[in-house]
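data-v2.pdb follows (PDB, C-alpha atoms):
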ATOM      1  CA  MET A  50      43.021  -8.159 -30.359
ATOM      2  CA  ASP A  51      41.183  -6.194 -27.688
ATOM      3  CA  LEU A  52      40.126  -2.948 -29.356
ATOM      4  CA  ASP A  53      39.065  -1.388 -26.011
ATOM      5  CA  ARG A  54      42.677  -1.530 -24.852
ATOM      6  CA  THR A  55      44.225  -0.249 -28.098
ATOM      7  CA  ILE A  56      41.835   2.667 -28.779
ATOM      8  CA  PRO A  57      42.417   5.513 -26.306
ATOM      9  CA  VAL A  58      39.364   6.891 -24.497
ATOM     10  CA  SER A  59      39.257  10.504 -23.461
ATOM     11  CA  PRO A  60      38.604  11.342 -19.781
ATOM     12  CA  VAL A  61      35.345  13.117 -20.732
ATOM     13  CA  ARG A  62      34.045  10.072 -22.588
ATOM     14  CA  ARG A  63      35.133   7.795 -19.738
ATOM     15  CA  ARG A  64      33.174   9.879 -17.223
ATOM     16  CA  ARG A  65      30.121   9.851 -19.500
ATOM     17  CA  LEU A  66      30.277   6.070 -19.848
ATOM     18  CA  SER A  67      30.572   5.740 -16.068
ATOM     19  CA  ARG A  68      27.506   7.933 -15.577
ATOM     20  CA  GLU A  69      25.550   5.843 -18.102
ATOM     21  CA  ARG A  70      26.458   2.616 -16.291
ATOM     22  CA  LEU A  71      25.487   4.191 -12.956
ATOM     23  CA  SER A  72      22.151   5.412 -14.314
ATOM     24  CA  ARG A  73      21.353   1.919 -15.644
ATOM     25  CA  GLY A  74      22.167   0.459 -12.239
ATOM     26  CA  LEU A  75      19.975   3.005 -10.473
ATOM     27  CA  PHE A  76      17.132   2.249 -12.880
ATOM     28  CA  LEU A  77      17.338  -1.464 -12.028
ATOM     29  CA  LEU A  78      17.428  -0.913  -8.263
ATOM     30  CA  PRO A  79      13.709  -0.116  -7.691
ATOM     31  CA  THR A  80      12.790  -2.831 -10.201
ATOM     32  CA  LEU A  81      14.592  -5.385  -8.035
ATOM     33  CA  PHE A  82      12.398  -4.367  -5.089
ATOM     34  CA  THR A  83       9.319  -4.828  -7.292
ATOM     35  CA  VAL A  84      10.535  -8.272  -8.403
ATOM     36  CA  GLY A  85      11.009  -9.176  -4.736
ATOM     37  CA  ASN A  86       7.472  -7.990  -4.028
ATOM     38  CA  LEU A  87       6.129 -10.153  -6.875
ATOM     39  CA  PHE A  88       8.157 -13.173  -5.734
ATOM     40  CA  CYS A  89       6.759 -12.908  -2.183
ATOM     41  CA  GLY A  90       3.210 -12.726  -3.514
ATOM     42  CA  TYR A  91       3.720 -15.716  -5.820
ATOM     43  CA  LEU A  92       5.302 -17.789  -3.066
ATOM     44  CA  SER A  93       2.536 -16.784  -0.650
ATOM     45  CA  ILE A  94      -0.055 -18.282  -3.015
ATOM     46  CA  TRP A  95       1.762 -21.615  -3.000
ATOM     47  CA  ARG A  96       2.128 -21.558   0.786
ATOM     48  CA  SER A  97      -1.625 -20.976   1.122
ATOM     49  CA  ILE A  98      -2.362 -23.904  -1.193
ATOM     50  CA  ASP A  99       0.010 -26.101   0.845
ATOM     51  CA  GLY A 100      -1.720 -25.090   4.086
ATOM     52  CA  ASN A 101       1.226 -23.156   5.547
ATOM     53  CA  PHE A 102      -0.863 -20.105   6.400
ATOM     54  CA  THR A 103       1.635 -18.440   8.734
ATOM     55  CA  ALA A 104       4.339 -18.407   6.064
ATOM     56  CA  ALA A 105       1.835 -17.118   3.488
ATOM     57  CA  ALA A 106       0.829 -14.246   5.777
ATOM     58  CA  ILE A 107       4.442 -13.304   6.558
ATOM     59  CA  LEU A 108       5.271 -13.247   2.834
ATOM     60  CA  ILE A 109       2.423 -10.796   2.186
ATOM     61  CA  ILE A 110       3.740  -8.467   4.893
ATOM     62  CA  VAL A 111       7.279  -8.710   3.471
ATOM     63  CA  ALA A 112       5.844  -7.875   0.045
ATOM     64  CA  ALA A 113       4.166  -4.806   1.547
ATOM     65  CA  VAL A 114       7.491  -3.632   2.981
ATOM     66  CA  LEU A 115       9.210  -4.087  -0.404
ATOM     67  CA  ASP A 116       6.355  -2.262  -2.120
ATOM     68  CA  ALA A 117       6.749   0.676   0.258
ATOM     69  CA  LEU A 118      10.472   0.796  -0.476
ATOM     70  CA  ASP A 119      10.516   0.531  -4.278
ATOM     71  CA  GLY A 120       8.747   3.836  -4.897
ATOM     72  CA  ARG A 121      10.870   5.686  -2.365
ATOM     73  CA  VAL A 122      14.077   4.203  -3.787
ATOM     74  CA  ALA A 123      12.997   5.293  -7.276
ATOM     75  CA  ARG A 124      12.379   8.849  -6.068
ATOM     76  CA  TRP A 125      15.632   9.001  -4.078
ATOM     77  CA  THR A 126      17.669   7.798  -7.069
ATOM     78  CA  HIS A 127      15.659   9.865  -9.619
ATOM     79  CA  SER A 128      14.928   6.689 -11.556
ATOM     80  CA  THR A 129      11.126   6.820 -11.699
ATOM     81  CA  SER A 130       9.645   5.690 -15.002
ATOM     82  CA  GLU A 131       6.279   4.838 -16.524
ATOM     83  CA  PHE A 132       7.445   1.247 -16.951
ATOM     84  CA  GLY A 133       8.258   1.011 -13.239
ATOM     85  CA  GLU A 134       4.849   2.360 -12.239
ATOM     86  CA  GLU A 135       2.958  -0.089 -14.457
ATOM     87  CA  TYR A 136       5.129  -3.040 -13.435
ATOM     88  CA  ASP A 137       4.633  -2.154  -9.768
ATOM     89  CA  SER A 138       0.849  -2.203 -10.233
ATOM     90  CA  LEU A 139       0.965  -5.654 -11.837
ATOM     91  CA  ALA A 140       3.106  -6.965  -8.978
ATOM     92  CA  ASP A 141       0.725  -5.399  -6.438
ATOM     93  CA  LEU A 142      -2.240  -7.181  -8.006
ATOM     94  CA  VAL A 143      -0.539 -10.542  -7.441
ATOM     95  CA  SER A 144       0.884  -9.832  -3.963
ATOM     96  CA  PHE A 145      -1.996  -7.828  -2.487
ATOM     97  CA  GLY A 146      -4.951  -8.982  -4.588
ATOM     98  CA  VAL A 147      -4.615 -12.645  -5.521
ATOM     99  CA  ALA A 148      -2.355 -13.798  -2.657
ATOM    100  CA  PRO A 149      -4.521 -12.523   0.255
ATOM    101  CA  ALA A 150      -7.690 -13.705  -1.505
ATOM    102  CA  VAL A 151      -6.292 -17.238  -1.847
ATOM    103  CA  LEU A 152      -5.056 -17.087   1.753
ATOM    104  CA  ALA A 153      -8.425 -15.946   3.116
ATOM    105  CA  HIS A 154     -10.300 -18.635   1.170
ATOM    106  CA  SER A 155      -7.920 -21.458   2.108
ATOM    107  CA  TRP A 156      -7.750 -20.383   5.753
ATOM    108  CA  GLY A 157     -11.353 -19.573   6.613
ATOM    109  CA  LEU A 158     -13.799 -19.426   3.693
ATOM    110  CA  ALA A 159     -13.520 -22.843   2.043
ATOM    111  CA  ASP A 160     -16.514 -24.200   3.991
ATOM    112  CA  PHE A 161     -18.774 -21.578   2.387
ATOM    113  CA  GLN A 162     -18.046 -23.168  -1.005
ATOM    114  CA  SER A 163     -19.295 -20.844  -3.796
ATOM    115  CA  LEU A 164     -19.987 -17.958  -1.415
ATOM    116  CA  GLY A 165     -16.436 -18.180  -0.109
ATOM    117  CA  TRP A 166     -14.699 -18.056  -3.473
ATOM    118  CA  MET A 167     -17.076 -15.323  -4.676
ATOM    119  CA  ALA A 168     -16.097 -13.147  -1.690
ATOM    120  CA  SER A 169     -12.392 -13.757  -2.289
ATOM    121  CA  PHE A 170     -12.805 -13.028  -6.007
ATOM    122  CA  LEU A 171     -14.627  -9.785  -5.136
ATOM    123  CA  PHE A 172     -11.541  -8.800  -3.141
ATOM    124  CA  VAL A 173      -9.369  -9.353  -6.243
ATOM    125  CA  VAL A 174     -11.747  -7.406  -8.510
ATOM    126  CA  CYS A 175     -11.983  -4.422  -6.158
ATOM    127  CA  GLY A 176      -8.215  -4.483  -5.652
ATOM    128  CA  SER A 177      -7.591  -4.380  -9.403
ATOM    129  CA  MET A 178     -10.056  -1.504  -9.798
ATOM    130  CA  ARG A 179      -8.328   0.338  -6.947
ATOM    131  CA  LEU A 180      -4.962   0.000  -8.704
ATOM    132  CA  ALA A 181      -6.389   1.114 -12.054
ATOM    133  CA  ARG A 182      -8.011   4.180 -10.506
ATOM    134  CA  PHE A 183      -4.805   5.067  -8.684
ATOM    135  CA  ASN A 184      -2.831   4.931 -11.942
ATOM    136  CA  ILE A 185      -5.112   7.393 -13.736
ATOM    137  CA  GLN A 186      -5.436   9.741 -10.746
ATOM    138  CA  THR A 187      -1.745   9.958  -9.849
ATOM    139  CA  LYS A 188      -1.252  13.338 -11.525
ATOM    140  CA  VAL A 189      -4.401  15.030 -10.185
ATOM    141  CA  MET A 190      -5.061  13.789  -6.648
ATOM    142  CA  ASP A 191      -3.865  15.343  -3.405
ATOM    143  CA  LYS A 192      -0.588  13.631  -2.494
ATOM    144  CA  ARG A 193      -1.467  13.774   1.199
ATOM    145  CA  TYR A 194      -4.316  11.295   0.811
ATOM    146  CA  PHE A 195      -5.261   8.078  -0.935
ATOM    147  CA  VAL A 196      -8.743   7.819  -2.424
ATOM    148  CA  GLY A 197     -10.028   4.503  -1.158
ATOM    149  CA  LEU A 198      -8.246   1.999   1.057
ATOM    150  CA  PRO A 199      -4.823   1.159  -0.477
ATOM    151  CA  ILE A 200      -4.625  -2.455  -1.597
ATOM    152  CA  PRO A 201      -1.450  -3.198   0.454
ATOM    153  CA  ALA A 202      -3.274  -2.074   3.613
ATOM    154  CA  ALA A 203      -6.233  -4.349   2.822
ATOM    155  CA  ALA A 204      -3.888  -7.273   2.153
ATOM    156  CA  ALA A 205      -1.952  -6.603   5.358
ATOM    157  CA  GLN A 206      -5.188  -6.741   7.346
ATOM    158  CA  VAL A 207      -5.939 -10.222   5.979
ATOM    159  CA  ALA A 208      -2.374 -11.347   6.701
ATOM    160  CA  VAL A 209      -2.508 -10.089  10.284
ATOM    161  CA  TRP A 210      -5.772 -11.960  10.929
ATOM    162  CA  VAL A 211      -4.010 -15.164   9.930
ATOM    163  CA  LEU A 212      -0.945 -14.393  12.048
ATOM    164  CA  VAL A 213      -3.124 -13.902  15.120
ATOM    165  CA  ALA A 214      -5.098 -17.132  14.524
ATOM    166  CA  PRO A 215      -3.033 -19.322  12.155
ATOM    167  CA  GLN A 216      -5.154 -22.451  12.508
ATOM    168  CA  PRO A 217      -7.961 -22.943   9.936
ATOM    169  CA  LEU A 218     -11.226 -21.516  11.192
ATOM    170  CA  ALA A 219     -13.490 -24.259  12.512
ATOM    171  CA  GLU A 220     -16.337 -22.184  13.977
ATOM    172  CA  LYS A 221     -18.979 -20.977  11.547
ATOM    173  CA  GLY A 222     -19.353 -17.652  13.348
ATOM    174  CA  GLN A 223     -15.673 -16.786  13.005
ATOM    175  CA  ALA A 224     -15.642 -17.716   9.332
ATOM    176  CA  LEU A 225     -18.746 -15.599   8.733
ATOM    177  CA  ALA A 226     -17.092 -12.614  10.432
ATOM    178  CA  VAL A 227     -14.012 -13.018   8.204
ATOM    179  CA  LEU A 228     -16.221 -13.184   5.107
ATOM    180  CA  ALA A 229     -18.047  -9.992   6.121
ATOM    181  CA  LEU A 230     -14.791  -8.175   6.875
ATOM    182  CA  LEU A 231     -13.242  -9.318   3.585
ATOM    183  CA  VAL A 232     -16.204  -7.903   1.661
ATOM    184  CA  THR A 233     -15.960  -4.695   3.703
ATOM    185  CA  LEU A 234     -12.289  -4.299   2.818
ATOM    186  CA  ALA A 235     -13.121  -4.911  -0.851
ATOM    187  CA  PHE A 236     -15.699  -2.121  -0.949
ATOM    188  CA  LEU A 237     -13.461   0.236   1.020
ATOM    189  CA  MET A 238     -10.824  -0.116  -1.705
ATOM    190  CA  VAL A 239     -13.206   1.187  -4.380
ATOM    191  CA  SER A 240     -14.802   3.800  -2.122
ATOM    192  CA  THR A 241     -14.045   7.516  -2.234
ATOM    193  CA  LEU A 242     -13.045   7.684   1.425
ATOM    194  CA  ARG A 243      -9.730   9.402   2.075
ATOM    195  CA  TYR A 244      -6.796   7.740   3.812
ATOM    196  CA  GLN A 245      -3.555   9.340   4.919
ATOM    197  CA  SER A 246      -0.695   8.600   2.523
ATOM    198  CA  PHE A 247       2.178   9.905   4.737
ATOM    199  CA  LYS A 248       3.970  10.939   1.512
ATOM    200  CA  LYS A 249       4.241  14.611   2.496
ATOM    201  CA  LEU A 250       6.275  13.986   5.624
ATOM    202  CA  ASP A 251       8.298  17.180   6.115
ATOM    203  CA  LEU A 252      11.002  16.624   8.715
ATOM    204  CA  ARG A 253      11.448  20.386   9.097
ATOM    205  CA  SER A 254       8.068  20.802  10.780
ATOM    206  CA  ARG A 255       7.405  20.044  14.436
ATOM    207  CA  GLN A 256       4.431  17.807  13.624
ATOM    208  CA  SER A 257       6.599  15.597  11.412
ATOM    209  CA  TYR A 258       9.058  15.038  14.260
ATOM    210  CA  ILE A 259       6.162  13.914  16.422
ATOM    211  CA  MET A 260       5.059  11.523  13.660
ATOM    212  CA  VAL A 261       8.574  10.114  13.296
ATOM    213  CA  LEU A 262       8.682   9.600  17.059
ATOM    214  CA  GLY A 263       5.342   7.792  16.856
ATOM    215  CA  ILE A 264       6.630   5.552  14.064
ATOM    216  CA  ALA A 265       9.734   4.719  16.105
ATOM    217  CA  LEU A 266       7.544   3.859  19.106
ATOM    218  CA  ALA A 267       5.342   1.686  16.898
ATOM    219  CA  LEU A 268       8.397  -0.216  15.634
ATOM    220  CA  VAL A 269       9.524  -0.870  19.211
ATOM    221  CA  LEU A 270       6.066  -2.160  20.132
ATOM    222  CA  ILE A 271       5.989  -4.347  17.014
ATOM    223  CA  ALA A 272       9.320  -5.862  18.049
ATOM    224  CA  LEU A 273       7.924  -6.615  21.523
ATOM    225  CA  HIS A 274       4.408  -7.792  20.579
ATOM    226  CA  PRO A 275       4.345  -8.174  16.770
ATOM    227  CA  LYS A 276       1.000  -9.899  16.243
ATOM    228  CA  SER A 277      -1.080  -7.752  18.593
ATOM    229  CA  VAL A 278       0.452  -4.435  17.533
ATOM    230  CA  LEU A 279       0.196  -5.205  13.808
ATOM    231  CA  LEU A 280      -3.452  -6.157  14.270
ATOM    232  CA  VAL A 281      -4.188  -2.887  16.073
ATOM    233  CA  LEU A 282      -2.296  -0.750  13.526
ATOM    234  CA  ALA A 283      -3.861  -2.436  10.493
ATOM    235  CA  SER A 284      -7.357  -2.198  11.986
ATOM    236  CA  LEU A 285      -6.956   1.441  12.986
ATOM    237  CA  TYR A 286      -5.826   2.369   9.476
ATOM    238  CA  TRP A 287      -8.732   0.830   7.572
ATOM    239  CA  LEU A 288     -11.167   2.160  10.173
ATOM    240  CA  SER A 289      -9.692   5.673   9.879
ATOM    241  CA  GLY A 290     -11.409   6.274   6.530
ATOM    242  CA  PRO A 291     -15.015   5.700   7.660
ATOM    243  CA  THR A 292     -14.291   7.397  11.007
ATOM    244  CA  SER A 293     -12.943  10.566   9.353
ATOM    245  CA  TYR A 294     -15.939  10.629   7.018
ATOM    246  CA  VAL A 295     -18.458  10.382   9.864
ATOM    247  CA  LEU A 296     -16.637  13.040  11.912
ATOM    248  CA  GLY A 297     -16.548  15.298   8.848
ATOM    249  CA  LEU A 298     -20.297  14.941   8.416
ATOM    250  CA  GLY A 299     -20.800  15.965  12.039
ATOM    251  CA  ARG A 300     -18.646  19.072  11.619
ATOM    252  CA  ARG A 301     -20.439  20.114   8.435
ATOM    253  CA  ARG A 302     -23.855  19.720  10.048
ATOM    254  CA  GLY A 303     -22.751  21.868  12.960
ATOM    255  CA  GLN A 304     -21.835  24.789  10.694
ATOM    256  CA  PRO A 305     -24.529  27.344   9.768
ATOM    257  CA  PRO A 306     -25.412  27.369   6.054
ATOM    258  CA  PRO A 307     -24.062  30.337   4.035
ATOM    259  CA  LEU A 308     -26.580  33.089   3.318
ATOM    260  CA  ALA A 309     -27.531  33.853  -0.271
ATOM    261  CA  GLY A 310     -25.954  36.882  -1.887
ATOM    262  CA  GLY A 311     -23.194  37.171   0.701
ATOM    263  CA  GLU A 312     -25.561  38.637   3.313
ATOM    264  CA  THR A 313     -24.499  38.665   6.946
ATOM    265  CA  THR A 314     -26.506  38.316  10.096
ATOM    266  CA  GLU A 315     -26.670  40.970  12.764
ATOM    267  CA  LEU A 316     -24.267  39.019  14.969
ATOM    268  CA  SER A 317     -21.673  38.587  12.236
ATOM    269  CA  ARG A 318     -21.868  42.159  10.814
ATOM    270  CA  PRO A 319     -18.883  44.252  11.958
ATOM    271  CA  ALA A 320     -19.678  47.157  14.295
TER     272      ALA A 320
END
Conversion result in structure tokens:
Amino acid sequence: MDLDRTIPVSPVRRRRLSRERLSRGLFLLPTLFTVGNLFCGYLSIWRSIDGNFTAAAILIIVAAVLDALDGRVARWTHSTSEFGEEYDSLADLVSFGVAPAVLAHSWGLADFQSLGWMASFLFVVCGSMRLARFNIQTKVMDKRYFVGLPIPAAAAQVAVWVLVAPQPLAEKGQALAVLALLVTLAFLMVSTLRYQSFKKLDLRSRQSYIMVLGIALALVLIALHPKSVLLVLASLYWLSGPTSYVLGLGRRRGQPPPLAGGETTELSRPA
């Protein structure tokens, strides 16, 4: 006998059960995006081992898109949780730490032998440290900025290099440049340079509308010339940290030092 059909359920209890089922579904939704992110990273590793570098690079970019969506979906559905944050970090380490390191080594660094795998392993180590630091600084840092280059941005840069030149690197000079850039990206991830997070995008302000228009234009350009535009965007982002730091140093040096005791000069004293 089916007890659910014989025992009457009040309308209030039925609504509460429906809300519980909906909340469980909303909790699983961002997790599915994270699982998709992890799957793309895992599959990218196998594609790199098989020598299908273009597919490996595309999978890393798809993983980055899924990673950008899972946090936003969790916030939109009010289903953020500590489990989701930790699970997302573990998935990011595979998709944006191990996968691009294996891709870079298989594509262009294998000829360097021990130096090549040491550089790719450094990328994984710095990426894991970047994720760990982000997890402990989430509650205290300025939401407008990331401290250090985000690991998905570093992984996307490696993927875009491969998309632009998918054939294995044969020239020693090109491989050496990739090794130097990979090490640079690794150290940028653990640096204290600030990068825009774009998390505080307020559509009510005029500047945000301009940014949305710029994003729409970028998407159109990506559709027309995907490889070139992605290379430019990825390069501009990781270069923005050192550039902002250098420009900030110049502005600070141009400012007069404050006088001790709050004293003012003759020119600054009010008449």
For stretch 108-116 of chain A: contacts at 7 Å, only C-alpha atoms, fewer than 4 positions along chain excluded, given as a PyMOL selection string:
chain A and resi 82-83+85-86+89-90+93+104+144+201+205+208
Name all residues at most 10 Å from stretch 237-247 of chain A (count only C-alpha atoms; drop same-chain ones fewer than 4 positions away) and give them as a PyMOL selection string.
chain A and resi 172+174-180+182+191-200+202-203+231-233+251+257+260+286-294
Take the PyMOL selection byres ((chain A and resi 134) around 12), apply it to the structure above, and return the hits as JSON, numbers by chain.
{"A": [79, 80, 83, 116, 119, 120, 123, 124, 128, 129, 130, 131, 132, 133, 135, 136, 137, 138, 139, 140, 141, 180, 181, 183, 184, 185, 187]}
Using only C-alpha atoms, which of the listed residues (A:Val207, A:Leu270, A:Val213, A:Ile259) sits closest to A:Ala153?
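Using only C-alpha atoms, the shortest distance to A:Ala153 belongs to A:Val207.
Distance-wise, atom CA of A:Arg96 and atom CA of A:Pro149 end up 11.2 Å apart.
Our summary of the geometry notes that atom CA of A:Gly100 is positioned 13.2 Å from atom CA of A:Ala148.
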Can you measure atom CA of A:Leu81 to atom CA of A:Leu266 for me? One decimal in Å is fine.
29.5 Å
